[in-house]
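K.L.:
Got a structure for you, questions after.
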Amino acid sequence: HLEGVRGIKLTKEQKSVKCNYAYFPVLFDGYRKKRDEIFVALAEQQIFARKYFYPLTNTFECYKGKFDVNLTPVAKYIADRVLTLPVYADLALEDVDRVCNVILEK
């Protein structure tokens, strides 16, 4: 449901990588709603997504003054926009539709 939606980027399969399907990361990059808005909308429907790579390790208090987050702009950009959606073996297709419908506001 999300493939081909403007502003939503899905991970592409890589030939030399075997996927374990532990996560379903989605990048909201120019979508009409920001990642955090989608996170809240999903939570309001009892759908629990995860902000992946957030916060960045180099922003932790214990590393303050040791690492400059501005030196990792790509990591920060992704961390501010990626959300992992629920995925597991027994996830019903109806639930997949429900997750996507919340994101797409159907």
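Residues are named by chain letter and number: chains run A, B, ... in the order of the structure tokens, numbers start at 1 in each chain, and ligands are numbered from 1 in the order shown.
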Pick out the residues sitting within 12 Å of stretch 31-36 of chain A, and hand them over as a list in words; count only C-alpha atoms, and ignore anything fewer than 6 positions along from it in its own chain.

P.N.:
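The neighbour list is Leu2, Gly4, Val5, Arg6, Gly7, Ile8, Lys9, Pro25, Leu42, Ala43, Ala49, Arg50, Lys51, Tyr52, Tyr54, Tyr77, Ile78, Ala79, Asp80, Arg81, Val82, Leu83, Thr84, Leu85, Val102, Ile103, Leu104 and Glu105 of chain A.
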
K.L.:
I want to know what sits within 12 Å of stretch 12-15 of chain A, based on only C-alpha atoms, with residues of the same chain fewer than 5 positions away left out; could you give that as a ChimeraX atom specification?

P.N.:
/A:3,20-21,24-27

K.L.:
Per DSSP on the backbone, what are the strand (DSSP E or B) residues of stretch 2-99 of chain A, as a PyMOL selection string?

P.N.:
chain A and resi 8-10+24-28+50+82-85

K.L.:
Output N, CA, C and O atoms for every residue in that selection, as a compact mmCIF listing (two decimals), in the first residue's frame.

P.N.:
# COMPACT_ATOMS: atom_id res chain seq x y z
N ILE A 8 7.18 8.81 0.67
CA ILE A 8 7.39 7.61 1.48
C ILE A 8 8.39 6.73 0.75
O ILE A 8 8.19 6.39 -0.41
N LYS A 9 9.48 6.40 1.43
CA LYS A 9 10.51 5.56 0.83
C LYS A 9 10.61 4.25 1.60
O LYS A 9 10.75 4.26 2.82
N LEU A 10 10.54 3.16 0.87
CA LEU A 10 10.66 1.84 1.45
C LEU A 10 12.05 1.28 1.14
O LEU A 10 12.65 1.63 0.13
N PHE A 24 10.48 -3.27 9.68
CA PHE A 24 9.98 -2.73 8.43
C PHE A 24 10.16 -1.22 8.47
O PHE A 24 9.25 -0.48 8.84
N PRO A 25 11.38 -0.76 8.14
CA PRO A 25 11.63 0.68 8.21
C PRO A 25 11.02 1.43 7.02
O PRO A 25 11.08 0.96 5.89
N VAL A 26 10.44 2.57 7.33
CA VAL A 26 9.84 3.43 6.31
C VAL A 26 10.39 4.84 6.54
O VAL A 26 10.39 5.33 7.67
N LEU A 27 10.85 5.46 5.46
CA LEU A 27 11.39 6.81 5.53
C LEU A 27 10.35 7.79 5.03
O LEU A 27 9.87 7.67 3.90
N PHE A 28 9.97 8.73 5.88
CA PHE A 28 9.01 9.78 5.51
C PHE A 28 9.82 11.00 5.13
O PHE A 28 10.27 11.76 5.98
N ARG A 50 8.10 2.27 15.91
CA ARG A 50 9.30 2.65 16.66
C ARG A 50 10.11 3.65 15.84
O ARG A 50 10.28 3.48 14.64
N VAL A 82 12.78 8.32 9.95
CA VAL A 82 12.48 6.90 9.78
C VAL A 82 11.60 6.38 10.91
O VAL A 82 11.70 6.83 12.06
N LEU A 83 10.73 5.46 10.54
CA LEU A 83 9.83 4.83 11.50
C LEU A 83 9.76 3.35 11.13
O LEU A 83 9.63 3.01 9.95
N THR A 84 9.89 2.47 12.10
CA THR A 84 9.72 1.05 11.81
C THR A 84 8.28 0.68 12.15
O THR A 84 7.78 0.97 13.23
N LEU A 85 7.65 0.05 11.20
CA LEU A 85 6.27 -0.37 11.36
C LEU A 85 6.21 -1.79 11.89
O LEU A 85 7.16 -2.56 11.70

K.L.:
Interatomic distance between atom CA of A:Lys76 and atom CA of A:Ile38?

P.N.:
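Computing the Euclidean distance for atom CA of A:Lys76 and atom CA of A:Ile38 yields 18.5 Å.
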
K.L.:
Could you give me, as a VMD selection string, the residues within 12 Å of A:Asn70, counting only C-alpha atoms and dropping anything in the same chain fewer than 4 positions from it?

P.N.:
chain A and resid 56 58 to 59 74 to 77

K.L.:
Using the selection just defined, write its residues with all heavy atoms as a PDB file, in the first residue's frame.

P.N.:
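Resulting contents of part_31.pdb:
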ATOM      1  N   LEU A  56      20.019   9.595  17.975  1.00  0.00           N
ATOM      2  CA  LEU A  56      21.332   9.138  17.539  1.00  0.00           C
ATOM      3  C   LEU A  56      22.247   8.941  18.740  1.00  0.00           C
ATOM      4  O   LEU A  56      22.213   9.719  19.693  1.00  0.00           O
ATOM      5  CB  LEU A  56      21.973  10.172  16.614  1.00  0.00           C
ATOM      6  CG  LEU A  56      21.467  10.215  15.192  1.00  0.00           C
ATOM      7  CD1 LEU A  56      22.174  11.334  14.432  1.00  0.00           C
ATOM      8  CD2 LEU A  56      21.666   8.905  14.491  1.00  0.00           C
ATOM      9  N   ASN A  58      25.333   9.538  19.059  1.00  0.00           N
ATOM     10  CA  ASN A  58      26.255  10.656  19.306  1.00  0.00           C
ATOM     11  C   ASN A  58      25.574  11.873  19.913  1.00  0.00           C
ATOM     12  O   ASN A  58      26.233  12.862  20.197  1.00  0.00           O
ATOM     13  CB  ASN A  58      27.032  11.022  18.045  1.00  0.00           C
ATOM     14  CG  ASN A  58      26.158  11.476  16.898  1.00  0.00           C
ATOM     15  OD1 ASN A  58      24.939  11.500  16.999  1.00  0.00           O
ATOM     16  ND2 ASN A  58      26.791  11.806  15.786  1.00  0.00           N
ATOM     17  N   THR A  59      24.269  11.778  20.178  1.00  0.00           N
ATOM     18  CA  THR A  59      23.571  12.867  20.879  1.00  0.00           C
ATOM     19  C   THR A  59      23.296  12.530  22.349  1.00  0.00           C
ATOM     20  O   THR A  59      22.767  13.359  23.075  1.00  0.00           O
ATOM     21  CB  THR A  59      22.228  13.204  20.187  1.00  0.00           C
ATOM     22  OG1 THR A  59      21.339  12.083  20.286  1.00  0.00           O
ATOM     23  CG2 THR A  59      22.434  13.609  18.750  1.00  0.00           C
ATOM     24  N   VAL A  74      23.862  12.892   7.527  1.00  0.00           N
ATOM     25  CA  VAL A  74      23.002  11.889   6.890  1.00  0.00           C
ATOM     26  C   VAL A  74      22.321  11.037   7.964  1.00  0.00           C
ATOM     27  O   VAL A  74      21.115  10.777   7.900  1.00  0.00           O
ATOM     28  CB  VAL A  74      23.804  11.012   5.908  1.00  0.00           C
ATOM     29  CG1 VAL A  74      22.946   9.877   5.366  1.00  0.00           C
ATOM     30  CG2 VAL A  74      24.348  11.869   4.763  1.00  0.00           C
ATOM     31  N   ALA A  75      23.087  10.620   8.963  1.00  0.00           N
ATOM     32  CA  ALA A  75      22.518   9.833  10.058  1.00  0.00           C
ATOM     33  C   ALA A  75      21.426  10.624  10.780  1.00  0.00           C
ATOM     34  O   ALA A  75      20.363  10.082  11.093  1.00  0.00           O
ATOM     35  CB  ALA A  75      23.610   9.420  11.037  1.00  0.00           C
ATOM     36  N   LYS A  76      21.669  11.891  11.040  1.00  0.00           N
ATOM     37  CA  LYS A  76      20.661  12.723  11.707  1.00  0.00           C
ATOM     38  C   LYS A  76      19.420  12.864  10.838  1.00  0.00           C
ATOM     39  O   LYS A  76      18.292  12.768  11.329  1.00  0.00           O
ATOM     40  CB  LYS A  76      21.232  14.097  12.043  1.00  0.00           C
ATOM     41  CG  LYS A  76      20.205  14.997  12.722  1.00  0.00           C
ATOM     42  CD  LYS A  76      20.802  16.155  13.419  1.00  0.00           C
ATOM     43  CE  LYS A  76      19.810  17.085  14.067  1.00  0.00           C
ATOM     44  NZ  LYS A  76      18.472  16.604  14.317  1.00  0.00           N
ATOM     45  N   TYR A  77      19.611  13.092   9.555  1.00  0.00           N
ATOM     46  CA  TYR A  77      18.499  13.245   8.623  1.00  0.00           C
ATOM     47  C   TYR A  77      17.608  12.003   8.639  1.00  0.00           C
ATOM     48  O   TYR A  77      16.390  12.100   8.760  1.00  0.00           O
ATOM     49  CB  TYR A  77      19.054  13.495   7.212  1.00  0.00           C
ATOM     50  CG  TYR A  77      18.009  13.845   6.202  1.00  0.00           C
ATOM     51  CD1 TYR A  77      17.620  15.167   6.012  1.00  0.00           C
ATOM     52  CD2 TYR A  77      17.403  12.863   5.427  1.00  0.00           C
ATOM     53  CE1 TYR A  77      16.659  15.500   5.081  1.00  0.00           C
ATOM     54  CE2 TYR A  77      16.437  13.186   4.493  1.00  0.00           C
ATOM     55  CZ  TYR A  77      16.069  14.503   4.317  1.00  0.00           C
ATOM     56  OH  TYR A  77      15.102  14.826   3.400  1.00  0.00           O
TER      57      TYR A  77
END

K.L.:
Quick one, how far is atom CA of A:Val96 from atom CA of A:Glu44?

P.N.:
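Interatomic distance here is 16.1 Å.
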
K.L.:
Taking into account only C-alpha atoms, which residue in the set A:Tyr23, A:Gly30, A:Cys100, A:Pro86 is nearest to A:Thr11?

P.N.:
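Distance minimum relative to A:Thr11 lands on A:Tyr23.
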
K.L.:
Which is closest to A:Val87 among A:Cys62, A:Val69, A:Ala22, A:Val40, if we use only C-alpha atoms?

P.N.:
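Among the listed residues, the smallest separation from A:Val87 belongs to A:Ala22.
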
K.L.:
Which residues in chain A does DSSP call helix (DSSP H, G or I)? List them as a PyMOL selection string.

P.N.:
chain A and resi 35-44+57-59+61-63+69-71+73-79+93-104
